[in-house]
Structures are given as structure tokens and as C-alpha cells.
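Structure file upload.csv (CSV, C-alpha atoms) follows.
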```
chain,number,residue,atom,x,y,z
A,1,MET,CA,51.5,67.3,93.4
A,2,SER,CA,52.5,70.1,91.0
A,3,ASP,CA,53.7,73.7,90.7
A,4,ALA,CA,51.2,76.5,91.2
A,5,TYR,CA,50.1,76.7,87.5
A,6,GLN,CA,46.6,78.0,87.7
A,7,GLY,CA,45.4,75.8,84.8
A,8,TYR,CA,45.4,72.8,87.1
A,9,ASN,CA,42.6,74.4,89.1
A,10,LYS,CA,40.2,73.3,86.3
A,11,VAL,CA,40.7,69.7,87.3
A,12,GLU,CA,37.8,68.8,89.5
A,13,GLY,CA,37.8,66.4,92.5
A,14,VAL,CA,41.5,66.8,93.4
A,15,THR,CA,43.4,68.4,96.2
A,16,ARG,CA,46.4,70.6,95.1
A,17,CYS,CA,49.7,70.0,96.8
A,18,TYR,CA,52.5,72.4,95.8
A,19,CYS,CA,56.2,71.6,95.2
A,20,TRP,CA,58.8,73.0,97.5
A,21,ALA,CA,61.5,72.5,94.9
A,22,HIS,CA,59.7,75.1,92.7
A,23,LEU,CA,59.6,77.5,95.7
A,24,ARG,CA,63.3,77.0,96.4
A,25,ARG,CA,64.0,77.7,92.7
A,26,TYR,CA,62.5,81.2,93.1
A,27,PHE,CA,65.0,82.0,95.9
A,28,VAL,CA,67.9,80.5,94.0
A,29,ASP,CA,67.1,82.7,91.1
A,30,ALA,CA,67.0,85.7,93.5
A,31,MET,CA,70.5,85.0,94.9
A,32,PRO,CA,72.8,88.0,94.3
A,33,GLU,CA,76.2,87.4,92.8
A,34,ASP,CA,79.4,88.1,94.8
A,35,VAL,CA,77.7,88.9,98.0
A,36,LYS,CA,79.5,87.7,101.1
A,37,GLU,CA,77.1,88.6,103.9
A,38,THR,CA,74.0,86.5,104.5
A,39,THR,CA,71.1,87.4,102.3
A,40,ALA,CA,67.3,86.7,102.4
A,41,PRO,CA,67.5,84.2,99.5
A,42,GLN,CA,70.3,82.3,101.3
A,43,GLN,CA,68.3,82.2,104.5
A,44,ALA,CA,65.2,80.9,102.7
A,45,ILE,CA,67.3,78.2,100.9
A,46,GLU,CA,68.8,77.1,104.1
A,47,ARG,CA,65.4,76.8,105.8
A,48,ILE,CA,64.0,74.8,102.9
A,49,GLY,CA,67.1,72.7,102.9
A,50,GLN,CA,66.4,71.6,106.5
A,51,LEU,CA,63.0,70.4,105.4
A,52,PHE,CA,64.4,68.4,102.5
A,53,LYS,CA,67.1,66.9,104.8
A,54,ILE,CA,64.3,65.4,106.9
A,55,GLU,CA,62.7,64.0,103.8
A,56,GLU,CA,66.0,62.3,102.8
A,57,GLU,CA,66.0,60.6,106.2
A,58,ILE,CA,62.5,59.2,105.9
A,59,VAL,CA,62.3,58.4,102.2
A,60,ASN,CA,62.2,54.6,102.8
A,61,LYS,CA,59.8,54.7,105.7
A,62,SER,CA,56.1,53.9,105.6
A,63,ALA,CA,53.5,56.6,105.0
A,64,GLU,CA,52.5,56.4,108.7
A,65,GLU,CA,56.1,56.7,109.9
A,66,ARG,CA,56.8,59.6,107.5
A,67,LEU,CA,53.7,61.5,108.8
A,68,LYS,CA,54.7,60.9,112.4
A,69,ILE,CA,58.2,62.2,111.9
A,70,ARG,CA,57.0,65.2,109.9
A,71,LYS,CA,54.7,66.2,112.8
A,72,GLU,CA,57.6,65.8,115.2
A,73,LYS,CA,60.3,67.6,113.1
A,74,SER,CA,58.9,69.4,110.0
A,75,THR,CA,55.8,71.1,111.2
A,76,GLU,CA,57.6,73.5,113.5
A,77,LEU,CA,60.2,74.4,110.9
A,78,VAL,CA,57.5,75.0,108.3
A,79,ASP,CA,55.6,77.3,110.7
A,80,GLU,CA,58.8,79.2,111.5
A,81,PHE,CA,59.5,79.5,107.8
A,82,PHE,CA,56.2,81.2,107.0
A,83,VAL,CA,56.4,83.4,110.0
A,84,TRP,CA,59.8,84.5,108.7
A,85,ILE,CA,58.3,85.0,105.2
A,86,GLU,CA,55.5,87.2,106.6
A,87,GLU,CA,57.8,89.3,108.7
A,88,ASN,CA,60.2,90.0,105.8
A,89,GLN,CA,57.9,90.1,102.7
A,90,ASN,CA,57.3,93.9,102.8
A,91,LYS,CA,61.0,94.7,102.9
A,92,TYR,CA,61.4,94.0,99.2
A,93,VAL,CA,60.0,95.4,96.0
A,94,SER,CA,57.2,93.1,94.9
A,95,LYS,CA,58.4,93.0,91.2
A,96,SER,CA,62.0,92.2,92.1
A,97,LYS,CA,63.2,88.5,92.0
A,98,ILE,CA,63.3,88.3,95.8
A,99,GLY,CA,59.9,90.0,96.1
A,100,LYS,CA,58.4,87.5,93.7
A,101,ALA,CA,59.9,84.7,95.8
A,102,PHE,CA,58.3,86.0,99.0
A,103,THR,CA,54.9,86.6,97.2
A,104,TYR,CA,55.0,83.1,95.7
A,105,ALA,CA,55.6,81.6,99.1
A,106,MET,CA,52.8,83.4,100.8
A,107,ASN,CA,50.3,82.9,98.0
A,108,GLN,CA,50.9,79.1,97.9
A,109,LYS,CA,51.3,78.6,101.6
A,110,GLU,CA,48.2,76.3,101.9
A,111,GLY,CA,49.3,74.0,99.1
A,112,LEU,CA,52.9,73.9,100.3
A,113,MET,CA,51.9,72.9,103.8
A,114,ARG,CA,49.7,70.1,102.6
A,115,TYR,CA,52.4,67.5,102.5
A,116,LEU,CA,52.3,67.7,106.4
A,117,GLU,CA,48.8,66.2,106.3
A,118,ASP,CA,49.6,62.8,104.7
A,119,GLY,CA,52.7,60.7,104.6
A,120,ASN,CA,51.9,59.6,101.0
A,121,ILE,CA,52.4,63.1,99.7
A,122,GLU,CA,55.8,64.0,98.5
A,123,MET,CA,57.5,67.3,99.3
A,124,SER,CA,58.2,68.0,95.7
A,125,ASN,CA,57.3,66.7,92.2
A,126,ASN,CA,60.9,66.2,91.2
A,127,LEU,CA,60.3,62.5,90.6
A,128,ALA,CA,57.5,63.2,88.0
A,129,GLU,CA,59.6,65.9,86.4
A,130,ARG,CA,62.6,63.6,85.9
A,131,ALA,CA,60.2,61.0,84.4
A,132,ILE,CA,58.8,63.3,81.8
A,133,ARG,CA,62.1,65.1,80.9
A,134,PRO,CA,63.0,62.6,78.1
A,135,PHE,CA,60.0,63.5,76.0
A,136,THR,CA,59.5,67.1,77.0
A,137,VAL,CA,62.9,67.9,75.6
A,138,GLY,CA,61.9,66.9,72.1
A,139,ARG,CA,58.1,67.6,72.1
A,140,LYS,CA,58.4,70.6,69.8
A,141,ASN,CA,59.7,68.3,67.1
A,142,TRP,CA,56.9,65.9,67.2
A,143,LEU,CA,54.1,66.9,64.9
A,144,PHE,CA,51.6,64.4,66.1
A,145,SER,CA,51.4,66.4,69.3
A,146,GLY,CA,50.5,69.6,67.4
A,147,SER,CA,46.7,69.2,68.1
A,148,PRO,CA,44.6,68.6,71.3
A,149,LYS,CA,43.8,65.1,70.1
A,150,GLY,CA,47.5,64.4,69.4
A,151,ALA,CA,48.5,65.8,72.8
A,152,LYS,CA,45.9,63.6,74.5
A,153,ALA,CA,47.1,60.5,72.6
A,154,SER,CA,50.7,61.1,73.4
A,155,ALA,CA,50.0,61.9,77.1
A,156,THR,CA,48.2,58.5,77.3
A,157,VAL,CA,51.2,56.6,75.8
A,158,TYR,CA,53.7,58.5,78.0
A,159,SER,CA,51.6,57.7,81.1
A,160,ILE,CA,51.5,54.0,80.2
A,161,VAL,CA,55.2,53.8,79.5
A,162,GLU,CA,56.3,55.8,82.6
A,163,THR,CA,54.0,53.8,84.9
A,164,ALA,CA,55.4,50.6,83.5
A,165,LYS,CA,59.0,51.8,84.2
A,166,ALA,CA,57.9,52.9,87.7
A,167,ASN,CA,56.7,49.4,88.3
A,168,ASN,CA,60.0,47.8,87.0
A,169,LEU,CA,58.5,46.6,83.7
A,170,ASP,CA,60.0,46.5,80.3
A,171,PRO,CA,57.9,49.1,78.4
A,172,TYR,CA,58.2,47.3,75.1
A,173,LYS,CA,57.1,44.0,76.7
A,174,TYR,CA,54.3,45.7,78.5
A,175,LEU,CA,52.9,47.4,75.4
A,176,THR,CA,53.2,44.2,73.4
A,177,TYR,CA,51.3,42.4,76.2
A,178,ILE,CA,48.5,45.0,76.1
A,179,PHE,CA,48.2,45.0,72.3
A,180,LYS,CA,47.9,41.2,72.3
A,181,SER,CA,45.4,41.0,75.2
A,182,LEU,CA,43.0,43.9,74.4
A,183,PRO,CA,41.7,43.0,70.9
A,184,GLY,CA,38.3,41.2,71.1
A,185,VAL,CA,37.6,42.2,74.8
A,186,ASP,CA,34.4,44.1,75.3
A,187,LEU,CA,35.4,46.5,78.1
A,188,LYS,CA,32.0,48.0,78.3
A,189,GLU,CA,30.5,44.7,79.2
A,190,TYR,CA,33.6,43.5,81.2
A,191,PRO,CA,35.3,46.6,82.6
A,192,GLU,CA,37.0,44.6,85.3
A,193,PHE,CA,39.2,43.0,82.7
A,194,ILE,CA,41.3,46.2,82.6
A,195,ASN,CA,42.5,45.3,86.2
A,196,TYR,CA,44.4,42.3,84.7
A,197,LEU,CA,46.4,44.6,82.5
A,198,LEU,CA,47.6,47.1,85.1
A,199,PRO,CA,51.4,47.2,85.7
A,200,TRP,CA,51.2,45.8,89.2
A,201,ASP,CA,49.1,42.7,88.3
A,202,GLU,CA,51.0,39.5,89.3
A,203,GLN,CA,50.8,38.0,85.8
A,204,VAL,CA,51.8,41.2,84.1
A,205,GLN,CA,54.8,41.4,86.5
A,206,ALA,CA,55.8,37.9,85.7
A,207,ILE,CA,55.6,38.3,81.9
A,208,CYS,CA,56.8,41.9,81.4
A,209,LYS,CA,59.3,42.4,84.2
A,210,LYS,CA,62.4,44.3,83.2
A,211,ALA,CA,65.5,42.1,82.9
A,212,GLU,CA,68.1,42.6,85.7
```

Can you dump the structure from the file as C-alpha cells?
Amino acid sequence: MSDAYQGYNKVEGVTRCYCWAHLRRYFVDAMPEDVKETTAPQQAIERIGQLFKIEEEIVNKSAEERLKIRKEKSTELVDEFFVWIEENQNKYVSKSKIGKAFTYAMNQKEGLMRYLEDGNIEMSNNLAERAIRPFTVGRKNWLFSGSPKGAKASATVYSIVETAKANNLDPYKYLTYIFKSLPGVDLKEYPEFINYLLPWDEQVQAICKKAE
């Protein structure tokens, strides 16, 4: 789940799912100021808003239930949205903000519709963006990320910390647990040992759980 950045296409063995929040942002940016009549950006935002409203209603349901409701309620709305996009796309200059919004929608149609295929897929990657915001804000000041190796190292640490937080662990306790448990373990000979260090392991949960 991501935006449509083409660099991600280099990742092999994955299926790209595109974010509707990014698409909505294109239309928000194209909204004219001080216009009282209904505009194309406003119509697009309202249509996308209907889809997000359905997602709010099913957020706590199982993947199977979410998929069922999406098929019942969302699929038709998505189809209507892209019919509307196709019918109106040529009415605007392609290099204008609204033209770029229509082009983005059409170009990313397949990836945007993919969330209708699996209830485990989110409609947007807002959750991930909120998780990475604390360190993306200050990354330009961190010299150790100034090289490919540094970026890879920091990405590894950020992933561990954010996954710990997502599983209701105290990141400090979890990192301490890992650093105490890993030394002396031959992971090449016993690769299964890593399973006992994952954030959802029962013992890890008991030892590193975040204080209420």
C-alpha cells in the first residue's frame, strides 16, 4: 500500500495497492477559491468521501466481513467514480491542477481498485504515514542517514520500533530484550530462533508490553 511513486515498481514479488487519500489530495489541491457553484474537484472529493465513509463503518470488522460489505456497497461507487472520471477527463487542460488529478486517477485506476479484492487491504496508507511522520520530520538533520548504508540501518531500526508500537510494546523494553537475547545465537544454524523475538510472541508480549 503506497502512493504511485514509480521507484516502488523495482520491488519484486509484490502487488501494488494505491492510496485513495493521495488521490483525494490531488483534487483538494485543485479546488478553486471563492467559487460557490459545484466544481469538478468538489464532486470528486464527495465521491471519494462516500467510499471513506463506508471504510469508517467497517474498520473493526474482520477481513471477510469488510470484503463482503465492500462488494455490496463500494464496488458500484468505485465503478461510477471511474466512469465519471473518464467522461470528464478531456474537459480540462492536462497540465492544470484539475487535469493532473483526472490523469492521476485514470493512470492509477488498477491499483486504486485493488482494495476491493481483499478485506485485509486498507483504502489508504495514512496509518503508515502517521507512524513515520516523527522521524521523517527530522531526517535531514541526521547525518547517519546520509549514505545508503546509513539509510538502510535507520530504516531497520524505525521498522522495529514502529512494529513494536503497533503491537502495544514498549520500544525501549523490546530493543533491550532483543539486544540481550541475540548475542551468542547462531541464526544461520538456528534461523527459527528469530520467531521467538517477534513482537507478537507470547513471551515478548509478557515481558515488553507497554504500561497502561

For this session: Identify which of the residues A:Lys180, A:Ala155, A:Asn120, A:Trp200 lies closest to Lys61 in chain A, counting only C-alpha atoms when measuring atom-to-atom distances.
Result: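 Among the listed residues, A:Asn120 lies closest to Lys61 in chain A.
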
For this session: Quick one: pull the distance between CA of Arg25 in chain A and CA of Glu65 in chain A, Å, one decimal.
Result: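 Pair CA of Arg25 in chain A / CA of Glu65 in chain A returns 28.3 Å.
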
Seminar exercise, completed: A straight line from CA of Val59 in chain A to CA of Met123 in chain A spans 10.5 Å

Exercise. Quick one: residues within 10 Å of Asn126 in chain A, only C-alpha atoms counted, chain neighbours fewer than 5 positions away excluded, as a list in words?
Worked result: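 Final neighbour list, sorted by chain and number: Met1, Ser2, Cys19, Trp20, Ala21, His22 and Ala131 of chain A.
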
For this session: For Leu77 in chain A, list every protein, DNA or RNA residue within 12 Å, evaluated using all atoms listed in the file, and leave out those in the same chain fewer than 3 positions away; present the list as a PyMOL selection string.
Result: chain A and resi 44+46-54+70-74+80-84+113+116

Exercise. If you measure from CA of Tyr174 in chain A to CA of Lys152 in chain A, what distance in Å do you get, rounded to one decimal?
Worked result: 20.2 Å

Exercise. Closest to Phe179 in chain A among A:Glu192, A:Leu197, A:Gln43, A:Phe27, using all atoms listed in the file?
Worked result: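 For Phe179 in chain A, the nearest of the candidates is A:Leu197.
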
For this session: Determine the nearest neighbour of Ala164 in chain A from the options A:Tyr190, A:Val204, A:Ser147, A:Ser124, counting only C-alpha atoms.
Result: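 Among the listed residues, the smallest separation from Ala164 in chain A belongs to A:Val204.
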
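Of the listed residues (A:Thr15, A:Tyr104, A:Asp186, A:Leu175), A:Leu175 comes nearest to Val157 in chain A; the distances count all atoms listed in the file.
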
Seminar exercise, completed: Of A:Pro41, A:Ala166, A:Leu112, A:Leu182, the one nearest to Gln89 in chain A when counting all atoms listed in the file is A:Pro41

Exercise. Of the residues A:Ile194, A:Ile207, A:Cys17, A:Ala151, which is the one nearest to Thr176 in chain A, using only C-alpha atoms?
Worked result: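 For Thr176 in chain A, the nearest of the candidates is A:Ile207.
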
For this session: Excluding Asn167 in chain A and residues on its chain fewer than 6 positions from it, collect all residues at most 10 Å away from it, counting all atoms listed in the file, and give them as a VMD selection string.
Result: chain A and resid 161 198 to 200 205 209 to 210
